[in-house]
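Undergrad: Take a look at the following structure, please.
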Amino acid sequence: MANSNLPRRIIKETQRLLSEPAPGISASPSEDNMRYFNVMILGPTQSPYEGGVFKLELFLPEEYPMAAPKVRFLTKIYHPNIDKLGRICLDILKDKWSPALQIRTVLLSIQALLSAPNPDDPLSENIAKHWKSNEAEAVETAKEWTRLYASGA
Amino acid sequence: MDSEDDMHDANDVESLDDDFYSGETEDAAPMDYYSDFVEDDDADDYYDDGDDSGSLECRRSEQSFTVLKESDIQERQEDDINRVAGVLSISRVSASILLRHYNWSVSKVHDAWFADEDQVRKTVGLLEKPVVQHSNINELTCGICFETYPRAKIETASCGHPYCISCWEGYLSTSINDGPGCLMLRCPDPSCGAAIGQDMINLLVSDEDKEKYNRYLLRSYIEDNKKTKWCPAPGCEYAVAFDAGSANYDVSCLCSYSFCWNCIEEAHRPVDCGTVAKWIIKNCAESENMNWILANSKPCPKCKRPIEKNQGCMHMTCHPPCKFEFCWLCLGAWSDHGERTGGFYACNRYETAKQEGVYDETEKRREMAKNSLERYTHYYERWASNQTSRQKALSDLHQMQTVHIEKLSDAQCQPESQLKFITEAWLQIVECRRVLKWTYAYGYYLPEHEQAKKQFFEYLQGEAESGLERLHQCAEKELQLFLNEDGPSSEFNDFRTKLAGLTSVTRNYFENLVRALENGLADVDTNGANSSKATSSKNAAGSSKGKGGRGKGTSRGSSRATDDNLWACEHCTYANAKSATTCHMCNLPRR
Ligand SMILES: [Zn+2]
Ligand SMILES: [Zn+2]
Ligand SMILES: [Zn+2]
Ligand SMILES: [Zn+2]
């Protein structure tokens, strides 16, 4: 079984995620693969995503924690740093990854990204352009998408 | 016999030269001829002070670069690290981290450090004391695997953040295998930033990873340093350090490759980097149109049978019974090219070639409707032919050095040291083909309306080119006769005199050409009378070419002569002062 020789670090992280969840974030391992997590992040208050419930998947590769976890939005979201496949542009998931970071820190960073979109370092050109040319309108679209796709149904 | 003595002198100079530069050439590769060549040159200039021609190349006599072998690079790097460690009173590991951060500039490290040591320490990650204290704890928890270990199984960088030995190994190894970024690695703790130096690497990773790290460190010293670059020749592992402020960008590596320090293209003196870049882009854009030029055979202009070019010089002789002798470049009769016939070497000139209608010679050319393409074709073909010719000369030179000289030495009963003139001739050919090649890129970009400059340029280029063709032909074809002989030949000494003379003459022509181009042809005004006279008589000769071109009175020497106080050398055509009894160019006596 893949789970039988699960590194102790992953077990400890999982236990802590379940026993002391970060506010607005839940992450639970899949039953048949302890390296695969179902994640939900609540849209932060005072952001266009407020009121939305966003589903993500998180996978810990074999090299973890020497390599970063792989994370992706499953819920459609209108955000300049997230593309239509749900991939996320976040430095700590790439070159700024350090094995001293954890699943918890990664998810908190993603939550923070929802509060502070960064159209200067975009993953989705079109959305970023929209954001920079007419922020109010882009925010409206993001709210609309949140209502349409992330209403937690 | 004069030349015999010269030969001895040259050898003496060579041996002095070896001592003079001993540090750099000892372990040179067998293909070391090019650097020998450059240093010979230097030596000539260096010891030739009595001779007024010695001052011509003063710029070249100061070598503006140093070729570095791996051991030299290591030594320099060590020296710099020790210097910084000494001056700043820090560890060698810290000095290495600092130098890497400031691109191996010792002065920048010093400046920054003494301006604001605290700021530098913070930026680079050199902590003075740990940020985490472990007050007498026997056990510590690793910040990566979360396991608890006895103190001895835990390592920390200067910051004190604890990680177990196996997590450190994973962390460092991942980074090393990720690329040269490992040289700027920090503590795994994202809030920390303490630099990880070579001491940690040596302590914690496998020998294989240590070796990789060392290579990155060595490479960084060359690649991140503004004063050094790798030799771009494929497979070459030497680097070159360049002295800032030198005007001559041409450097030659110990591997025999010469390149431009500034733009990393092959050496292109006397043409500037901008022209070279434009020319290379142009060649790429036109490459489809030009492929046929690179083909190695053309129809004989007389009998139309294809003839293949398998020699370096441009003098072609068709198969029997035709045996027509023609110029590979312009397809004109070779008899119009040689000085013996009193003709002129003018196939470097685009206009001349065009007027004579030689572009009708092949079908391809006829298809080239556009004038601009035709003009480009003219220059490109000459550029490419000289390139090919240079490659051929390089391999001939190599063959000469590895096989023929020894055989010739046996056959002619001459010590190899007495055959140095052959190698020198070939080295001169290789260098001249390179220069000549680039003058065609220069010519292409020379504005059409600058008539005086253009004529002056074409005159100098034509002189140099015809000299080179004579030299190349002599070294290639006349030498062949002696290579086929088993015993000594009475004509060998004459051959020596001729080849050595042609070498020296050709060198002078090319030095003139190089100097003129590097001056941007600025001398065109002062030499105006001289050059326009030469060019006009040249045109006259050119127009009579069609009628056979033989037996015309205008010898090259007299065309160069601006007054009656000069005499033209029979051997090399150089115009000498009337008072001289031997030719200033080739040292042969006046007849
Ligand atoms: Zn640290
Ligand atoms: Zn550990
Ligand atoms: Zn090299
Ligand atoms: Zn250049």
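In the structure tokens, chains take letters A, B, ... by order of appearance, with residues numbered from 1 within each chain and ligands from 1 in the order shown.
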Using only C-alpha atoms, determine which residues of chain A fall within 6 Å of chain B; present them as a ChimeraX atom specification.
TA: /A:9,98-100
Undergrad: Please, which residues have at least one atom within 9 Å of an atom of ligand 4, using only C-alpha atoms and all ligand atoms, listed as a list of chain:residue names?
TA: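 If we count only C-alpha atoms and all ligand atoms, the neighbours of ligand 4 turn out to be B:Tyr249, B:Asp250, B:Phe259, B:Cys260, B:Trp261, B:Asn262, B:Cys263, B:Ile264, B:Glu265, B:Glu266, B:Ala267, B:His268, B:Arg269, B:Val271, B:Asp272, B:Cys273, B:Gly274, B:Thr275, B:Val276, B:Ala277.
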Undergrad: Using only C-alpha atoms and all ligand atoms, find each residue with an atom at most 9 Å away from ligand 1 and format the answer as an MDAnalysis selection string.
TA: chainID B and resid 130:132 156:162 186:195
Undergrad: Take the selection from the previous step and output its residues with C-alpha atoms, as a compact mmCIF listing (two decimals), in the first residue's frame.
TA:
```txt
# COMPACT_ATOMS: atom_id res chain seq x y z
CA PRO B 130 22.45 32.51 15.57
CA VAL B 131 18.82 33.66 15.60
CA VAL B 132 17.70 30.51 17.43
CA THR B 156 22.33 23.96 11.73
CA ALA B 157 23.60 26.76 9.55
CA SER B 158 24.80 29.98 11.20
CA CYS B 159 21.18 30.80 12.09
CA GLY B 160 20.63 27.77 14.33
CA HIS B 161 17.46 26.40 12.64
CA PRO B 162 17.66 22.68 13.33
CA ARG B 186 19.55 29.92 2.05
CA CYS B 187 18.33 28.18 5.22
CA PRO B 188 15.14 26.14 4.61
CA ASP B 189 13.21 28.30 7.06
CA PRO B 190 11.31 30.79 4.86
CA SER B 191 11.64 33.58 7.42
CA CYS B 192 15.37 33.08 7.80
CA GLY B 193 17.69 33.78 4.89
CA ALA B 194 20.99 32.63 6.37
CA ALA B 195 23.36 31.76 3.54
```
Undergrad: List every residue of chain B that has an atom at most 12 Å from any atom of ligand 3, and for each one report the closest atom pair and its distance in Å to one decimal, counting only C-alpha atoms and all ligand atoms, with rows sorted by chain and then by increasing residue number, as a tab-separated table.
TA:
```
residue	atom	partner	partner_atom_place_in_ligand_line	distance
B:Ala28	CA	ligand 3	1 (Zn)	10.7
B:Ala29	CA	ligand 3	1 (Zn)	10.0
B:Met31	CA	ligand 3	1 (Zn)	10.5
B:Asp32	CA	ligand 3	1 (Zn)	10.2
B:Tyr34	CA	ligand 3	1 (Zn)	10.8
B:Ser35	CA	ligand 3	1 (Zn)	10.6
B:Thr66	CA	ligand 3	1 (Zn)	11.8
B:Val67	CA	ligand 3	1 (Zn)	8.5
B:Leu68	CA	ligand 3	1 (Zn)	9.7
B:Lys69	CA	ligand 3	1 (Zn)	9.8
B:Lys229	CA	ligand 3	1 (Zn)	10.6
B:Trp230	CA	ligand 3	1 (Zn)	7.8
B:Cys231	CA	ligand 3	1 (Zn)	4.6
B:Pro232	CA	ligand 3	1 (Zn)	6.6
B:Ala233	CA	ligand 3	1 (Zn)	5.3
B:Pro234	CA	ligand 3	1 (Zn)	7.9
B:Gly235	CA	ligand 3	1 (Zn)	7.9
B:Cys236	CA	ligand 3	1 (Zn)	4.6
B:Glu237	CA	ligand 3	1 (Zn)	6.5
B:Tyr238	CA	ligand 3	1 (Zn)	5.4
B:Ala239	CA	ligand 3	1 (Zn)	7.3
B:Val240	CA	ligand 3	1 (Zn)	8.6
B:Val251	CA	ligand 3	1 (Zn)	9.9
B:Ser252	CA	ligand 3	1 (Zn)	7.6
B:Cys253	CA	ligand 3	1 (Zn)	4.4
B:Leu254	CA	ligand 3	1 (Zn)	5.7
B:Cys255	CA	ligand 3	1 (Zn)	4.2
B:Ser256	CA	ligand 3	1 (Zn)	6.4
B:Tyr257	CA	ligand 3	1 (Zn)	5.5
B:Ser258	CA	ligand 3	1 (Zn)	7.7
B:Phe259	CA	ligand 3	1 (Zn)	9.0
B:Ile264	CA	ligand 3	1 (Zn)	11.9
B:Glu266	CA	ligand 3	1 (Zn)	11.3
```
Undergrad: For the structure I just gave you, how does DSSP split chain A - specifically, which residues are alpha helix (DSSP H)? Reply as a ChimeraX atom specification.
TA: /A:8-19,103-115,125-133,135-149
Undergrad: Taking the DSSP assignment computed from this structure's backbone, write out as a ChimeraX atom specification all residues of range 207-449 of chain B that belong to strand (DSSP E).
TA: /B:228-230,239-242,250-252,258-260,297-299,306-308,315-317,325-327
Undergrad: Restricting it to N, CA, C and O atoms, dump the selection as an mmCIF file, in the first residue's frame.
TA:
```cif
data_model
loop_
_atom_site.group_PDB
_atom_site.id
_atom_site.type_symbol
_atom_site.label_atom_id
_atom_site.label_comp_id
_atom_site.auth_asym_id
_atom_site.auth_seq_id
_atom_site.Cartn_x
_atom_site.Cartn_y
_atom_site.Cartn_z
ATOM 1 N N THR B 228 35.785 37.757 -17.506
ATOM 2 C CA THR B 228 36.151 36.457 -18.078
ATOM 3 C C THR B 228 34.989 35.859 -18.870
ATOM 4 O O THR B 228 33.815 36.132 -18.584
ATOM 5 N N LYS B 229 35.344 35.056 -19.855
ATOM 6 C CA LYS B 229 34.332 34.319 -20.627
ATOM 7 C C LYS B 229 34.913 32.967 -21.009
ATOM 8 O O LYS B 229 36.131 32.828 -21.131
ATOM 9 N N TRP B 230 34.042 32.003 -21.244
ATOM 10 C CA TRP B 230 34.494 30.725 -21.777
ATOM 11 C C TRP B 230 34.807 30.890 -23.245
ATOM 12 O O TRP B 230 34.150 31.655 -23.950
ATOM 13 N N ALA B 239 39.114 29.249 -20.587
ATOM 14 C CA ALA B 239 38.423 30.529 -20.465
ATOM 15 C C ALA B 239 39.410 31.626 -20.818
ATOM 16 O O ALA B 239 40.618 31.405 -20.856
ATOM 17 N N VAL B 240 38.890 32.805 -21.091
ATOM 18 C CA VAL B 240 39.742 33.929 -21.440
ATOM 19 C C VAL B 240 39.434 35.090 -20.511
ATOM 20 O O VAL B 240 38.275 35.416 -20.286
ATOM 21 N N ALA B 241 40.485 35.665 -19.944
ATOM 22 C CA ALA B 241 40.335 36.872 -19.141
ATOM 23 C C ALA B 241 40.794 38.039 -19.988
ATOM 24 O O ALA B 241 41.859 37.981 -20.606
ATOM 25 N N PHE B 242 39.992 39.066 -20.036
ATOM 26 C CA PHE B 242 40.252 40.192 -20.932
ATOM 27 C C PHE B 242 40.577 41.435 -20.110
ATOM 28 O O PHE B 242 39.937 41.694 -19.082
ATOM 29 N N ASP B 250 39.871 41.048 -30.536
ATOM 30 C CA ASP B 250 40.175 39.702 -31.005
ATOM 31 C C ASP B 250 41.012 38.956 -29.971
ATOM 32 O O ASP B 250 42.063 39.435 -29.565
ATOM 33 N N VAL B 251 40.519 37.792 -29.572
ATOM 34 C CA VAL B 251 41.316 36.966 -28.670
ATOM 35 C C VAL B 251 41.454 35.586 -29.293
ATOM 36 O O VAL B 251 40.582 35.130 -30.023
ATOM 37 N N SER B 252 42.578 34.932 -29.006
ATOM 38 C CA SER B 252 42.726 33.578 -29.533
ATOM 39 C C SER B 252 43.024 32.629 -28.392
ATOM 40 O O SER B 252 43.879 32.873 -27.560
ATOM 41 N N SER B 258 39.894 31.571 -32.599
ATOM 42 C CA SER B 258 39.923 32.983 -32.216
ATOM 43 C C SER B 258 38.526 33.543 -32.296
ATOM 44 O O SER B 258 37.768 33.230 -33.196
ATOM 45 N N PHE B 259 38.206 34.378 -31.328
ATOM 46 C CA PHE B 259 36.873 34.961 -31.312
ATOM 47 C C PHE B 259 36.927 36.395 -30.828
ATOM 48 O O PHE B 259 37.942 36.862 -30.323
ATOM 49 N N CYS B 260 35.798 37.076 -31.040
ATOM 50 C CA CYS B 260 35.700 38.467 -30.629
ATOM 51 C C CYS B 260 35.219 38.504 -29.188
ATOM 52 O O CYS B 260 34.187 37.934 -28.862
ATOM 53 N N SER B 297 31.085 22.878 -56.848
ATOM 54 C CA SER B 297 31.533 22.770 -58.231
ATOM 55 C C SER B 297 30.830 23.813 -59.097
ATOM 56 O O SER B 297 29.719 24.243 -58.803
ATOM 57 N N LYS B 298 31.526 24.227 -60.160
ATOM 58 C CA LYS B 298 30.984 25.198 -61.109
ATOM 59 C C LYS B 298 31.344 24.720 -62.504
ATOM 60 O O LYS B 298 32.334 24.004 -62.659
ATOM 61 N N PRO B 299 30.566 25.133 -63.509
ATOM 62 C CA PRO B 299 30.964 24.761 -64.872
ATOM 63 C C PRO B 299 32.174 25.581 -65.310
ATOM 64 O O PRO B 299 32.255 26.767 -65.021
ATOM 65 N N PRO B 306 31.592 20.502 -65.494
ATOM 66 C CA PRO B 306 31.725 20.905 -64.092
ATOM 67 C C PRO B 306 33.129 20.619 -63.564
ATOM 68 O O PRO B 306 33.722 19.592 -63.888
ATOM 69 N N ILE B 307 33.624 21.533 -62.792
ATOM 70 C CA ILE B 307 34.928 21.312 -62.165
ATOM 71 C C ILE B 307 34.789 21.574 -60.667
ATOM 72 O O ILE B 307 34.138 22.529 -60.245
ATOM 73 N N GLU B 308 35.374 20.683 -59.917
ATOM 74 C CA GLU B 308 35.202 20.740 -58.474
ATOM 75 C C GLU B 308 36.359 21.502 -57.844
ATOM 76 O O GLU B 308 37.511 21.360 -58.264
ATOM 77 N N HIS B 315 42.733 29.811 -57.858
ATOM 78 C CA HIS B 315 43.231 29.541 -59.206
ATOM 79 C C HIS B 315 42.793 28.130 -59.638
ATOM 80 O O HIS B 315 43.264 27.138 -59.107
ATOM 81 N N MET B 316 41.873 28.060 -60.618
ATOM 82 C CA MET B 316 41.335 26.775 -61.051
ATOM 83 C C MET B 316 41.944 26.395 -62.401
ATOM 84 O O MET B 316 42.176 27.251 -63.253
ATOM 85 N N THR B 317 42.171 25.096 -62.564
ATOM 86 C CA THR B 317 42.613 24.618 -63.881
ATOM 87 C C THR B 317 41.684 23.490 -64.295
ATOM 88 O O THR B 317 41.550 22.500 -63.580
ATOM 89 N N GLU B 325 42.547 27.931 -67.476
ATOM 90 C CA GLU B 325 42.823 28.425 -66.127
ATOM 91 C C GLU B 325 41.949 29.627 -65.842
ATOM 92 O O GLU B 325 41.933 30.589 -66.598
ATOM 93 N N PHE B 326 41.187 29.515 -64.756
ATOM 94 C CA PHE B 326 40.268 30.616 -64.462
ATOM 95 C C PHE B 326 40.175 30.871 -62.966
ATOM 96 O O PHE B 326 40.676 30.105 -62.154
ATOM 97 N N CYS B 327 39.523 31.989 -62.645
ATOM 98 C CA CYS B 327 39.356 32.373 -61.247
ATOM 99 C C CYS B 327 38.021 31.834 -60.745
ATOM 100 O O CYS B 327 36.977 32.047 -61.363
#
```
Undergrad: Please report the interatomic distance between CA of Arg147 in chain A and CA of Gly52 in chain A in Å with one decimal.
TA: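 Distance between the two atoms: 7.0 Å.
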Undergrad: Restricting the calculation to only C-alpha atoms, which member of A:Arg104, A:Lys94, A:His79, A:Lys143 is positioned closest to Lys129 in chain A?
TA: A:His79
Undergrad: Report the distance between CA of Arg433 in chain B and CA of Cys583 in chain B in Å, rounded to one decimal place.
TA: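 It comes out at 25.0 Å.
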